[in-house]
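**Q** This is my_file-v1.txt (compact mmCIF, C-alpha atoms (C1' of nucleotides)).
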# COMPACT_ATOMS: atom_id res chain seq x y z
CA MET A 1 -88.91 64.07 147.43
CA LYS A 2 -91.44 64.30 144.60
CA ARG A 3 -94.57 65.93 145.94
CA THR A 4 -96.67 65.69 142.81
CA SER A 5 -100.30 65.46 143.82
CA LEU A 6 -102.09 62.19 143.34
CA SER A 7 -104.71 61.47 140.71
CA LEU A 8 -108.20 60.24 141.44
CA LEU A 9 -107.14 56.78 140.31
CA ASP A 10 -104.33 56.86 142.86
CA PHE A 11 -106.74 57.68 145.66
CA ALA A 12 -109.16 55.01 144.46
CA LEU A 13 -106.36 52.46 144.61
CA LEU A 14 -105.33 53.60 148.09
CA GLY A 15 -108.93 53.34 149.26
CA VAL A 16 -109.54 49.89 147.86
CA VAL A 17 -106.21 48.58 149.08
CA HIS A 18 -107.08 49.95 152.51
CA ASN A 19 -110.41 48.11 152.53
CA GLN A 20 -109.44 44.87 150.85
CA ALA A 21 -105.78 44.40 151.75
CA PRO A 22 -103.91 42.40 150.87
CA CYS A 23 -104.92 42.62 147.25
CA SER A 24 -103.26 42.18 143.90
CA GLY A 25 -103.27 44.24 140.75
CA TYR A 26 -105.52 41.66 139.23
CA ASP A 27 -108.02 41.97 142.09
CA LEU A 28 -108.17 45.69 141.45
CA ARG A 29 -108.65 45.20 137.74
CA LYS A 30 -111.55 42.84 138.38
CA LEU A 31 -113.12 45.26 140.81
CA PHE A 32 -112.95 48.13 138.32
CA ALA A 33 -114.22 45.91 135.54
CA GLU A 34 -117.18 44.48 137.41
CA THR A 35 -118.44 47.25 139.66
CA PRO A 36 -119.44 50.76 138.69
CA ILE A 37 -117.04 52.24 141.29
CA GLY A 38 -115.92 55.53 139.82
CA SER A 39 -115.70 53.98 136.35
CA PHE A 40 -111.95 53.70 136.15
CA SER A 41 -110.30 51.79 133.36
CA ASP A 42 -109.46 48.19 134.17
CA SER A 43 -106.69 48.01 131.58
CA PRO A 44 -103.37 46.61 132.83
CA GLY A 45 -101.63 49.56 131.26
CA SER A 46 -103.26 51.94 133.71
CA ILE A 47 -103.37 49.88 136.90
CA TYR A 48 -99.95 48.26 137.03
CA PRO A 49 -98.03 51.47 136.32
CA ALA A 50 -100.17 53.30 138.89
CA LEU A 51 -99.39 50.65 141.51
CA ALA A 52 -95.70 50.88 140.63
CA ARG A 53 -95.82 54.66 141.08
CA LEU A 54 -97.52 54.35 144.44
CA GLU A 55 -94.96 51.79 145.51
CA ARG A 56 -92.08 54.01 144.41
CA GLY A 57 -93.69 56.80 146.42
CA LYS A 58 -93.82 54.44 149.43
CA LEU A 59 -97.59 54.81 149.81
CA ILE A 60 -98.14 51.08 149.34
CA ARG A 61 -95.92 48.07 149.78
CA GLY A 62 -96.20 44.95 147.66
CA ARG A 63 -94.65 41.58 148.01
CA VAL A 64 -94.91 38.44 146.03
CA GLU A 65 -96.93 35.77 147.72
CA GLU A 66 -94.70 32.92 148.84
CA THR A 67 -97.33 30.19 148.57
CA SER A 68 -96.33 27.45 146.20
CA SER A 69 -98.96 25.86 143.92
CA VAL A 70 -100.76 29.16 143.41
CA ARG A 71 -99.92 31.49 140.57
CA ARG A 72 -97.44 34.19 141.38
CA ARG A 73 -99.31 37.18 142.76
CA LYS A 74 -98.01 40.44 144.14
CA LEU A 75 -100.04 41.53 147.13
CA PHE A 76 -100.26 45.15 148.23
CA ARG A 77 -100.94 46.83 151.55
CA LEU A 78 -100.99 50.46 152.58
CA SER A 79 -97.90 51.81 154.26
CA VAL A 80 -98.17 54.14 157.24
CA SER A 81 -97.65 57.12 154.99
CA GLY A 82 -100.19 55.78 152.49
CA ASN A 83 -102.69 55.54 155.29
CA ARG A 84 -101.96 59.11 156.33
CA THR A 85 -102.28 60.35 152.75
CA LEU A 86 -105.64 58.62 152.33
CA LYS A 87 -106.95 60.10 155.57
CA GLN A 88 -105.79 63.59 154.65
CA TRP A 89 -107.63 63.32 151.35
CA LEU A 90 -110.80 62.15 153.06
CA ARG A 91 -110.61 64.96 155.59
CA ARG A 92 -110.23 67.74 153.02
CA PRO A 93 -112.94 70.34 153.47
CA ILE A 94 -115.73 70.15 150.91
CA THR A 95 -115.87 73.30 148.82
CA GLN A 96 -118.34 74.53 146.26
CA ALA A 97 -115.61 74.04 143.67
CA ASP A 98 -115.67 70.30 144.42
CA VAL A 99 -119.40 70.29 143.69
CA VAL A 100 -119.11 72.37 140.53
CA ARG A 101 -116.43 70.10 139.07
CA GLY A 102 -118.82 67.20 139.33
CA MET A 103 -119.57 64.74 142.08
CA ARG A 104 -117.09 62.06 141.03
CA GLU A 105 -114.37 62.79 143.56
CA LEU A 106 -116.82 63.44 146.39
CA SER A 107 -118.70 60.20 145.70
CA LEU A 108 -115.45 58.29 145.80
CA ARG A 109 -114.45 59.94 149.06
CA PHE A 110 -117.76 59.05 150.62
CA ALA A 111 -117.42 55.44 149.52
CA PHE A 112 -114.28 55.09 151.65
CA LEU A 113 -115.25 57.43 154.45
CA GLU A 114 -116.82 55.12 157.00
CA SER A 115 -114.29 52.34 156.74
CA VAL A 116 -111.31 54.67 156.93
CA LEU A 117 -112.36 57.48 159.27
CA GLY A 118 -115.25 55.79 161.05
CA ARG A 119 -118.93 56.39 161.30
CA ASP A 120 -118.61 59.74 163.05
CA ALA A 121 -117.06 61.33 159.98
CA CYS A 122 -120.05 60.55 157.76
CA VAL A 123 -122.74 62.88 159.08
CA PRO A 124 -120.56 66.03 159.01
CA PHE A 125 -119.47 65.13 155.47
CA LEU A 126 -123.06 64.71 154.33
CA GLU A 127 -124.22 67.86 156.08
CA THR A 128 -121.58 69.98 154.37
CA LEU A 129 -122.37 68.33 151.06
CA GLU A 130 -126.06 69.04 151.51
CA LYS A 131 -125.33 72.68 152.27
CA GLU A 132 -123.12 73.10 149.19
CA LEU A 133 -125.57 71.33 146.87
CA ALA A 134 -128.54 73.27 148.23
CA SER A 135 -126.79 76.56 147.61
CA TYR A 136 -125.37 75.60 144.21
CA ILE A 137 -128.51 74.27 142.55
CA PRO A 138 -130.48 77.55 142.52
CA THR A 139 -127.42 79.37 141.20
CA LEU A 140 -127.11 76.84 138.43
CA ARG A 141 -130.80 77.02 137.60
CA ARG A 142 -130.76 80.80 137.44
CA HIS A 143 -127.68 80.74 135.25
CA LEU A 144 -129.31 78.31 132.86
CA ASP A 145 -132.56 80.28 132.75
CA THR A 146 -130.76 83.39 131.60
CA GLN A 147 -128.81 81.38 128.99
CA ARG A 148 -131.99 79.93 127.59
CA ALA A 149 -132.01 82.42 124.73
CA THR A 150 -132.11 79.56 122.28
CA ASN A 151 -135.44 78.23 121.18
CA LEU A 152 -134.27 74.65 120.84
CA LEU A 153 -136.00 72.26 123.17
CA SER A 154 -133.15 69.76 123.23
CA ALA A 155 -130.66 72.42 124.27
CA SER A 156 -132.71 73.50 127.25
CA LEU A 157 -133.41 69.89 128.13
CA ALA A 158 -129.72 69.12 128.03
CA MET A 159 -129.22 71.81 130.64
CA GLU A 160 -132.13 70.47 132.61
CA SER A 161 -130.36 67.13 132.68
CA GLY A 162 -127.40 68.62 134.48
CA VAL A 163 -129.58 70.30 137.06
CA MET A 164 -131.58 67.15 137.63
CA GLY A 165 -128.37 65.22 138.20
CA TYR A 166 -127.49 67.61 141.02
CA GLU A 167 -131.01 67.46 142.41
CA SER A 168 -130.74 63.70 142.48
CA GLN A 169 -127.47 64.00 144.38
CA LEU A 170 -129.16 66.26 146.88
CA ALA A 171 -132.00 63.80 147.35
CA TRP A 172 -129.47 61.04 147.86
CA THR A 173 -127.55 63.12 150.39
CA ARG A 174 -130.71 63.66 152.42
CA LEU A 175 -131.60 59.98 152.22
CA ALA A 176 -128.11 59.11 153.41
CA LEU A 177 -128.40 61.55 156.31
CA THR A 178 -131.64 60.05 157.57
CA ARG A 179 -130.22 56.56 157.23
CA PHE A 180 -127.20 57.54 159.31
CA LYS A 181 -129.32 59.17 161.94
CA HIS A 182 -131.81 56.32 162.24
CA THR A 183 -129.54 53.31 161.92
CA ARG A 184 -127.44 52.10 164.82
CA THR A 185 -123.76 51.19 164.55
CA MET B 186 -105.38 58.70 105.92
CA LYS B 187 -105.27 58.58 109.71
CA ARG B 188 -108.42 56.91 110.98
CA THR B 189 -107.82 57.32 114.68
CA SER B 190 -111.13 57.67 116.45
CA LEU B 191 -112.01 61.01 117.94
CA SER B 192 -112.14 61.79 121.64
CA LEU B 193 -115.19 63.14 123.41
CA LEU B 194 -113.55 66.55 123.48
CA ASP B 195 -113.19 66.41 119.70
CA PHE B 196 -116.89 65.68 119.27
CA ALA B 197 -117.79 68.41 121.75
CA LEU B 198 -115.76 70.88 119.70
CA LEU B 199 -117.37 69.74 116.45
CA GLY B 200 -120.81 70.10 118.01
CA VAL B 201 -120.22 73.56 119.39
CA VAL B 202 -118.55 74.80 116.22
CA HIS B 203 -121.55 73.47 114.29
CA ASN B 204 -123.96 75.42 116.48
CA GLN B 205 -122.03 78.63 117.02
CA ALA B 206 -119.92 78.96 113.89
CA PRO B 207 -117.89 80.89 113.24
CA CYS B 208 -116.17 80.70 116.59
CA SER B 209 -112.69 81.09 117.95
CA GLY B 210 -110.66 79.00 120.35
CA TYR B 211 -111.22 81.66 122.93
CA ASP B 212 -115.01 81.44 122.47
CA LEU B 213 -114.79 77.72 123.12
CA ARG B 214 -112.65 78.20 126.20
CA LYS B 215 -115.16 80.66 127.61
CA LEU B 216 -118.02 78.28 126.91
CA PHE B 217 -116.30 75.42 128.70
CA ALA B 218 -115.33 77.68 131.57
CA GLU B 219 -118.74 79.18 132.13
CA THR B 220 -121.22 76.44 131.37
CA PRO B 221 -121.36 72.96 132.83
CA ILE B 222 -121.39 71.42 129.32
CA GLY B 223 -119.67 68.07 129.70
CA SER B 224 -117.14 69.60 132.12
CA PHE B 225 -114.24 69.79 129.73
CA SER B 226 -111.12 71.66 130.67
CA ASP B 227 -110.95 75.23 129.43
CA SER B 228 -107.15 75.31 129.47
CA PRO B 229 -105.51 76.60 126.31
CA GLY B 230 -103.24 73.56 126.39
CA SER B 231 -106.17 71.27 125.69
CA ILE B 232 -108.32 73.36 123.38
CA TYR B 233 -105.81 74.86 120.94
CA PRO B 234 -104.02 71.57 120.25
CA ALA B 235 -107.40 69.84 119.80
CA LEU B 236 -108.47 72.47 117.29
CA ALA B 237 -105.15 72.11 115.47
CA ARG B 238 -105.64 68.33 115.29
CA LEU B 239 -109.16 68.73 113.93
CA GLU B 240 -107.91 71.21 111.37
CA ARG B 241 -105.09 68.89 110.30
CA GLY B 242 -107.72 66.13 109.95
CA LYS B 243 -109.77 68.54 107.77
CA LEU B 244 -112.82 68.30 110.01
CA ILE B 245 -112.81 72.03 110.65
CA ARG B 246 -111.39 74.97 108.80
CA GLY B 247 -110.07 78.08 110.49
CA ARG B 248 -109.09 81.40 109.14
CA VAL B 249 -107.84 84.56 110.70
CA GLU B 250 -110.40 87.31 110.79
CA GLU B 251 -109.44 90.08 108.42
CA THR B 252 -111.10 92.91 110.33
CA SER B 253 -108.72 95.62 111.36
CA SER B 254 -109.00 97.29 114.78
CA VAL B 255 -110.07 94.03 116.45
CA ARG B 256 -107.60 91.62 117.97
CA ARG B 257 -106.46 88.84 115.72
CA ARG B 258 -108.88 85.92 116.04
CA LYS B 259 -108.93 82.64 114.21
CA LEU B 260 -112.48 81.63 113.40
CA PHE B 261 -113.48 78.05 112.79
CA ARG B 262 -116.27 76.40 110.82
CA LEU B 263 -117.07 72.75 110.15
CA SER B 264 -115.95 71.31 106.86
CA VAL B 265 -118.22 69.02 104.88
CA SER B 266 -116.40 66.00 106.24
CA GLY B 267 -116.57 67.41 109.78
CA ASN B 268 -120.30 67.74 109.37
CA ARG B 269 -120.55 64.16 108.18
CA THR B 270 -118.41 62.91 111.06
CA LEU B 271 -120.57 64.75 113.59
CA LYS B 272 -123.76 63.33 112.11
CA GLN B 273 -122.37 59.80 112.07
CA TRP B 274 -121.51 60.10 115.73
CA LEU B 275 -124.98 61.39 116.59
CA ARG B 276 -126.61 58.58 114.61
CA ARG B 277 -124.68 55.76 116.29
CA PRO B 278 -127.05 53.23 117.81
CA ILE B 279 -127.37 53.48 121.58
CA THR B 280 -126.14 50.32 123.25
CA GLN B 281 -126.29 49.16 126.82
CA ALA B 282 -122.51 49.53 126.89
CA ASP B 283 -122.97 53.28 126.33
CA VAL B 284 -125.21 53.40 129.37
CA VAL B 285 -122.92 51.28 131.54
CA ARG B 286 -119.90 53.49 130.78
CA GLY B 287 -121.79 56.44 132.16
CA MET B 288 -124.11 58.94 130.61
CA ARG B 289 -121.53 61.54 129.69
CA GLU B 290 -121.24 60.77 126.01
CA LEU B 291 -124.97 60.20 125.56
CA SER B 292 -125.80 63.48 127.30
CA LEU B 293 -123.43 65.31 125.02
CA ARG B 294 -124.91 63.66 121.95
CA PHE B 295 -128.40 64.65 123.01
CA ALA B 296 -127.31 68.22 123.55
CA PHE B 297 -126.42 68.51 119.86
CA LEU B 298 -129.08 66.23 118.47
CA GLU B 299 -131.88 68.60 117.62
CA SER B 300 -129.78 71.31 116.06
CA VAL B 301 -127.78 68.89 113.93
CA LEU B 302 -130.20 66.13 112.97
CA GLY B 303 -133.46 67.90 113.58
CA ARG B 304 -136.38 67.40 115.87
CA ASP B 305 -137.41 64.06 114.40
CA ALA B 306 -134.24 62.42 115.66
CA CYS B 307 -134.94 63.26 119.30
CA VAL B 308 -137.86 61.01 120.15
CA PRO B 309 -136.28 57.80 118.79
CA PHE B 310 -133.08 58.65 120.66
CA LEU B 311 -134.95 59.16 123.92
CA GLU B 312 -137.06 56.04 123.44
CA THR B 313 -134.02 53.85 122.96
CA LEU B 314 -132.33 55.49 125.91
CA GLU B 315 -135.38 54.88 128.07
CA LYS B 316 -135.43 51.23 127.08
CA GLU B 317 -131.74 50.72 127.86
CA LEU B 318 -131.95 52.53 131.19
CA ALA B 319 -135.08 50.69 132.22
CA SER B 320 -133.46 47.36 131.53
CA TYR B 321 -130.10 48.25 133.08
CA ILE B 322 -131.26 49.65 136.40
CA PRO B 323 -132.78 46.41 137.79
CA THR B 324 -129.66 44.51 136.71
CA LEU B 325 -127.51 47.01 138.53
CA ARG B 326 -129.67 46.91 141.63
CA ARG B 327 -129.61 43.12 141.74
CA HIS B 328 -125.86 43.12 141.29
CA LEU B 329 -125.43 45.55 144.13
CA ASP B 330 -127.77 43.61 146.42
CA THR B 331 -125.72 40.46 146.06
CA GLN B 332 -122.50 42.43 146.64
CA ARG B 333 -123.87 43.89 149.84
CA ALA B 334 -121.99 41.36 151.96
CA THR B 335 -120.39 44.22 153.81
CA ASN B 336 -122.10 45.63 156.87
CA LEU B 337 -120.92 49.17 156.28
CA LEU B 338 -123.71 51.63 155.71
CA SER B 339 -121.57 54.06 153.73
CA ALA B 340 -120.51 51.35 151.29
CA SER B 341 -124.08 50.37 150.50
CA LEU B 342 -125.08 54.01 150.30
CA ALA B 343 -122.25 54.67 147.86
CA MET B 344 -123.71 52.00 145.62
CA GLU B 345 -127.16 53.45 146.13
CA SER B 346 -125.81 56.74 144.86
CA GLY B 347 -124.87 55.19 141.55
CA VAL B 348 -128.27 53.58 141.14
CA MET B 349 -130.05 56.80 142.02
CA GLY B 350 -128.02 58.62 139.42
CA TYR B 351 -129.31 56.28 136.76
CA GLU B 352 -132.85 56.52 138.11
CA SER B 353 -132.60 60.28 137.84
CA GLN B 354 -131.47 59.91 134.23
CA LEU B 355 -134.46 57.71 133.54
CA ALA B 356 -136.80 60.26 135.09
CA TRP B 357 -135.21 62.96 132.96
CA THR B 358 -135.56 60.83 129.83
CA ARG B 359 -139.27 60.40 130.47
CA LEU B 360 -139.70 64.09 131.15
CA ALA B 361 -137.91 64.88 127.93
CA LEU B 362 -140.13 62.47 126.02
CA THR B 363 -143.34 64.05 127.24
CA ARG B 364 -141.98 67.51 126.49
CA PHE B 365 -141.17 66.47 122.94
CA LYS B 366 -144.55 64.90 122.45
CA HIS B 367 -146.54 67.80 123.86
CA THR B 368 -144.58 70.76 122.54
CA ARG B 369 -144.98 71.95 119.00
CA THR B 370 -142.01 72.79 116.73
C1' DT C 371 -107.02 19.63 123.54
C1' DC C 372 -108.41 23.99 123.51
C1' DT C 373 -110.34 27.77 125.49
C1' DT C 374 -111.09 30.65 129.36
C1' DA C 375 -109.55 32.78 133.47
C1' DC C 376 -105.58 33.96 136.19
C1' DA C 377 -101.66 37.10 136.59
C1' DT C 378 -98.17 40.58 135.51
C1' DG C 379 -96.07 43.52 132.96
C1' DT C 380 -93.90 46.78 128.85
C1' DA C 381 -93.73 49.97 124.61
C1' DA C 382 -95.35 53.41 121.64
C1' DA C 383 -98.42 56.90 120.82
C1' DA C 384 -101.75 60.01 121.96
C1' DG C 385 -103.84 63.08 125.02
C1' DG C 386 -104.32 66.30 128.94
C1' DT C 387 -102.42 69.43 132.70
C1' DT C 388 -99.69 72.96 134.23
C1' DA C 389 -96.94 76.48 133.50
C1' DC C 390 -94.84 79.53 130.54
C1' DA C 391 -94.70 83.08 126.88
C1' DT C 392 -96.32 86.83 124.11
C1' DG C 393 -98.72 90.76 122.87
C1' DA C 394 -102.97 93.90 122.02
C1' DT C 395 -106.84 96.43 123.94
C1' DT C 396 -109.97 98.24 127.34
C1' DA C 397 -111.21 99.90 131.76
C1' DT C 398 -109.71 102.08 136.25
C1' DA D 399 -99.89 103.84 134.60
C1' DT D 400 -101.54 99.55 135.56
C1' DA D 401 -104.49 95.90 135.87
C1' DA D 402 -107.75 93.02 133.66
C1' DT D 403 -109.48 90.89 129.69
C1' DC D 404 -108.84 89.37 125.06
C1' DA D 405 -106.40 86.04 122.23
C1' DT D 406 -103.25 82.45 120.75
C1' DG D 407 -100.07 79.38 121.32
C1' DT D 408 -95.80 76.17 123.10
C1' DA D 409 -92.97 73.01 126.25
C1' DA D 410 -92.30 69.71 129.70
C1' DC D 411 -94.28 66.44 132.12
C1' DC D 412 -97.38 62.94 133.29
C1' DT D 413 -101.12 59.74 132.47
C1' DT D 414 -103.88 56.87 129.76
C1' DT D 415 -104.91 54.02 125.87
C1' DT D 416 -103.96 50.36 122.90
C1' DA D 417 -101.52 46.78 121.77
C1' DC D 418 -98.21 43.52 122.61
C1' DA D 419 -95.87 39.87 125.35
C1' DT D 420 -95.50 36.02 128.44
C1' DG D 421 -96.79 32.17 130.99
C1' DT D 422 -99.81 29.10 134.37
C1' DA D 423 -103.93 26.60 135.78
C1' DA D 424 -108.58 25.07 135.45
C1' DG D 425 -112.48 23.55 133.07
C1' DA D 426 -115.06 21.99 128.81
Using the file provided, produce a representation of the structure as structure tokens.
**A**
Amino acid sequence: MKRTSLSLLDFALLGVVHNQAPCSGYDLRKLFAETPIGSFSDSPGSIYPALARLERGKLIRGRVEETSSVRRRKLFRLSVSGNRTLKQWLRRPITQADVVRGMRELSLRFAFLESVLGRDACVPFLETLEKELASYIPTLRRHLDTQRATNLLSASLAMESGVMGYESQLAWTRLALTRFKHTRT
Amino acid sequence: MKRTSLSLLDFALLGVVHNQAPCSGYDLRKLFAETPIGSFSDSPGSIYPALARLERGKLIRGRVEETSSVRRRKLFRLSVSGNRTLKQWLRRPITQADVVRGMRELSLRFAFLESVLGRDACVPFLETLEKELASYIPTLRRHLDTQRATNLLSASLAMESGVMGYESQLAWTRLALTRFKHTRT
DNA sequence: TCTTACATGTAAAAGGTTACATGATTAT
DNA sequence: ATAATCATGTAACCTTTTACATGTAAGA
């Protein structure tokens, strides 16, 4: 049994298939092309092979639609083990390393969190994220202040940009927390 | 003559080598490991082959340090054509497509802009960026509002996160503009 | 009729990740 | 001595990109 870990694209596909099943490779391509979700490539050369891999790994199952008159489409659904894999990914503890690497994976996880694990999983996720961001940002700022040996304005602004990105994420996290606490079901 | 276009990593290497020349592969690895610049991998398997490619393409030149008593290091500098390539990349017009794809490449370009093209290039860059962001954000927000058919809070918040990221970039761009206009040399 | 959108795939090449491999020097 | 850091690279594997390839159906 090949236990190679899955890529972010693989998890994105699992998540979307979970939410929108049954869906075809073409549906997924359109979604990636038209929405800013994670900014994955919508090229057939990335999506179809990825779906084939997931199917070989028994995480999704696809079958060709038997409707006549419509174009041949292969529709995918999550298998039981695909569902388990998706849930395990979503339940992974949030570490500072996740935050340092960039927010891409965490944003993607949050996007699927409520529909897969339910509303109760969201507040703990956001609280941990807030804690990690709030502790990382000052570290980052201090690090950049000491590095600011250079007298170039653009260089220090470029660093500022990174910090502001994280600060924006923190603001969003807090917004999301209040929304979850003040909105019913 | 191979005219394959360069990857973002290639441009990042050209930019850093321009600023910190002469520098070794190990210097670059340390930089990528310790600073959040673009979040490139610091693995030797990505950096050394990339440097070798750039050297084969005559964009950089490396030679082994002839100092005794120090460990053998190969130090790189930009060639004339590497310099030209870097400048051409930095001078590319900013399109909305650049903004839609994400700000990674534009942030990297800005980070090198002042030291490579000089201070005068920064304000026009930021002004164009501000214009593109300011016109893209409402489009994005409208698009997301129409997509909000789903009743899941986390899904709409996930979209909100993307919009807020761009709004943060816009705020940063404006901050950068005022800094450039009010700070001397 | 012709173009656009639907729909699925493959092949070759390039690139990145992970792990391996080597060896010198400095600090403990 | 031994561990950590410096320093450079390679090999196998996997993924992604780009381009190609095929064909249907709907709309202009």
**Q** Find, counting all atoms listed in the file, the residue in B:Leu263, B:Lys243, B:Ser190, B:Tyr321 that gets nearest to B:Pro207.
**A** B:Leu263
**Q** Name all residues at most 8 Å from stretch 407-415 of chain D (count only C-alpha atoms (C1' of nucleotides); drop same-chain ones fewer than 2 positions away) and give them as a PyMOL selection string.
**A** (chain A and resi 45-46) or (chain B and resi 229+233) or (chain C and resi 384-385+391)
**Q** Go ahead and save the picked residues with C-alpha atoms (C1' of nucleotides), as a JSON list (two decimals), in the coordinates of the input.
**A**
[["chain", "number", "residue", "atom", "x", "y", "z"],
["A", 45, "GLY", "CA", -101.63, 49.56, 131.26],
["A", 46, "SER", "CA", -103.26, 51.94, 133.71],
["B", 229, "PRO", "CA", -105.51, 76.60, 126.31],
["B", 233, "TYR", "CA", -105.81, 74.86, 120.94],
["C", 384, "DA", "C1'", -101.75, 60.01, 121.96],
["C", 385, "DG", "C1'", -103.84, 63.08, 125.02],
["C", 391, "DA", "C1'", -94.70, 83.08, 126.88]]
**Q** Taking only C-alpha atoms into account, name the residue in B:Ser224, B:Gln273, B:Thr363, B:Thr324 that is nearest to chain A.
**A** B:Ser224
**Q** Using Å and a single decimal, report how far atom CA of B:Asp195 sits from atom CA of B:Ala235.
**A** 6.7 Å
**Q** Just how far from atom CA of B:Ser300 is atom CA of A:Met164, in Å to one decimal?
**A**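 Rounded to one decimal, the two atoms are 22.0 Å apart.
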**Q** Compile the residues of chain B that lie within 12 Å of chain C, evaluated using only C-alpha atoms (C1' of nucleotides), and express the compilation as number ranges by chain.
**A** B: 189-195, 225-235, 238, 254-258
**Q** Given all atoms listed in the file, how would the per-residue table for chain B near chain A read, listing every residue at most 10 Å away with its closest atom pair and distance in Å to one decimal, sorted by chain and number, as CSV?
**A**
residue,atom,partner,partner_atom,distance
B:Glu219,CA,A:His143,CA,9.6
B:Thr220,CA,A:Leu144,CA,8.4
B:Pro221,CA,A:Gly162,CA,7.6
B:Ile222,CA,A:Met159,CA,8.0
B:Gly223,CA,A:Gly162,CA,9.1
B:Ser224,CA,A:Arg101,CA,7.0
B:Phe225,CA,A:Arg101,CA,9.6
B:Val285,CA,A:Pro36,CA,8.0
B:Arg286,CA,A:Ser39,CA,7.0
B:Gly287,CA,A:Ser39,CA,7.8
B:Ser292,CA,A:Ala158,CA,6.9
B:Leu293,CA,A:Ala158,CA,7.9
B:Arg294,CA,A:Ala158,CA,9.5
B:Phe295,CA,A:Ala158,CA,6.9
B:Ala296,CA,A:Ala158,CA,5.2
B:Phe297,CA,A:Ala155,CA,7.3
B:Leu298,CA,A:Ser154,CA,7.2
B:Glu299,CA,A:Ser154,CA,5.9
B:Ser300,CA,A:Leu152,CA,7.4
B:Gly303,CA,A:Ser154,CA,9.8
B:Arg304,CA,A:Ser154,CA,8.4
B:Cys307,CA,A:Ser154,CA,7.8
B:Leu325,CA,A:Pro36,CA,8.9
B:His328,CA,A:Thr35,CA,8.6
B:Leu329,CA,A:Thr35,CA,8.5
B:Gln332,CA,A:Thr35,CA,9.4
B:Asn336,CA,A:Thr185,CA,9.6
B:Leu337,CA,A:Glu114,CA,7.3
B:Leu338,CA,A:Phe180,CA,7.8
B:Ser339,CA,A:Glu114,CA,5.9
B:Ala340,CA,A:Ala111,CA,5.4
B:Ser341,CA,A:Ala111,CA,8.4
B:Leu342,CA,A:Ala176,CA,6.7
B:Ala343,CA,A:Ala111,CA,5.2
B:Met344,CA,A:Ile37,CA,8.0
B:Glu345,CA,A:Trp172,CA,8.1
B:Ser346,CA,A:Trp172,CA,6.4
B:Gly347,CA,A:Pro36,CA,7.6
B:Val348,CA,A:Pro36,CA,9.6
B:Met349,CA,A:Ser168,CA,6.9
B:Gly350,CA,A:Ser168,CA,6.5
B:Tyr351,CA,A:Gly165,CA,9.1
B:Glu352,CA,A:Ser168,CA,8.7
B:Ser353,CA,A:Ser168,CA,6.1
B:Gln354,CA,A:Gly165,CA,7.3
B:Ala356,CA,A:Met164,CA,9.0
B:Trp357,CA,A:Ser161,CA,6.4
B:Thr358,CA,A:Ser161,CA,8.7
B:Leu360,CA,A:Leu157,CA,9.1
B:Ala361,CA,A:Leu157,CA,6.7
B:Arg364,CA,A:Leu153,CA,8.3
B:Phe365,CA,A:Leu153,CA,7.8
B:Thr368,CA,A:Leu153,CA,8.7
B:Arg369,CA,A:Leu153,CA,9.9
B:Thr370,CA,A:Leu153,CA,8.8
**Q** Around all the atoms of stretch 371-383 of chain C listed in the file, draw an axis-aligned box and extend it by 3 Å on each of the six sides; I want its centre and edge lengths in Å to one decimal, as lines of an AutoDock Vina configuration file.
**A**
center_x = -102.4
center_y = 38.3
center_z = 128.7
size_x = 23.4
size_y = 43.3
size_z = 21.8
**Q** Find the residues around A:Ala97 up to 12 Å (all atoms listed in the file counted), leave out those fewer than 4 positions away in its own chain, and share them as a compact mmCIF listing (two decimals) with C-alpha atoms, in the coordinates of the input.
**A**
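selection.txt, freshly written:
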# COMPACT_ATOMS: atom_id res chain seq x y z
CA PRO A 93 -112.94 70.34 153.47
CA ARG A 101 -116.43 70.10 139.07
CA GLY A 102 -118.82 67.20 139.33
CA MET A 103 -119.57 64.74 142.08
CA GLU A 105 -114.37 62.79 143.56
CA LEU A 106 -116.82 63.44 146.39
CA LEU A 129 -122.37 68.33 151.06
CA GLU A 132 -123.12 73.10 149.19
CA LEU A 133 -125.57 71.33 146.87
CA TYR A 136 -125.37 75.60 144.21
**Q** Which value, in Å to one decimal, gives the distance between atom CA of A:Leu86 and atom CA of A:Leu177?
**A**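 So the answer is 23.3 Å.
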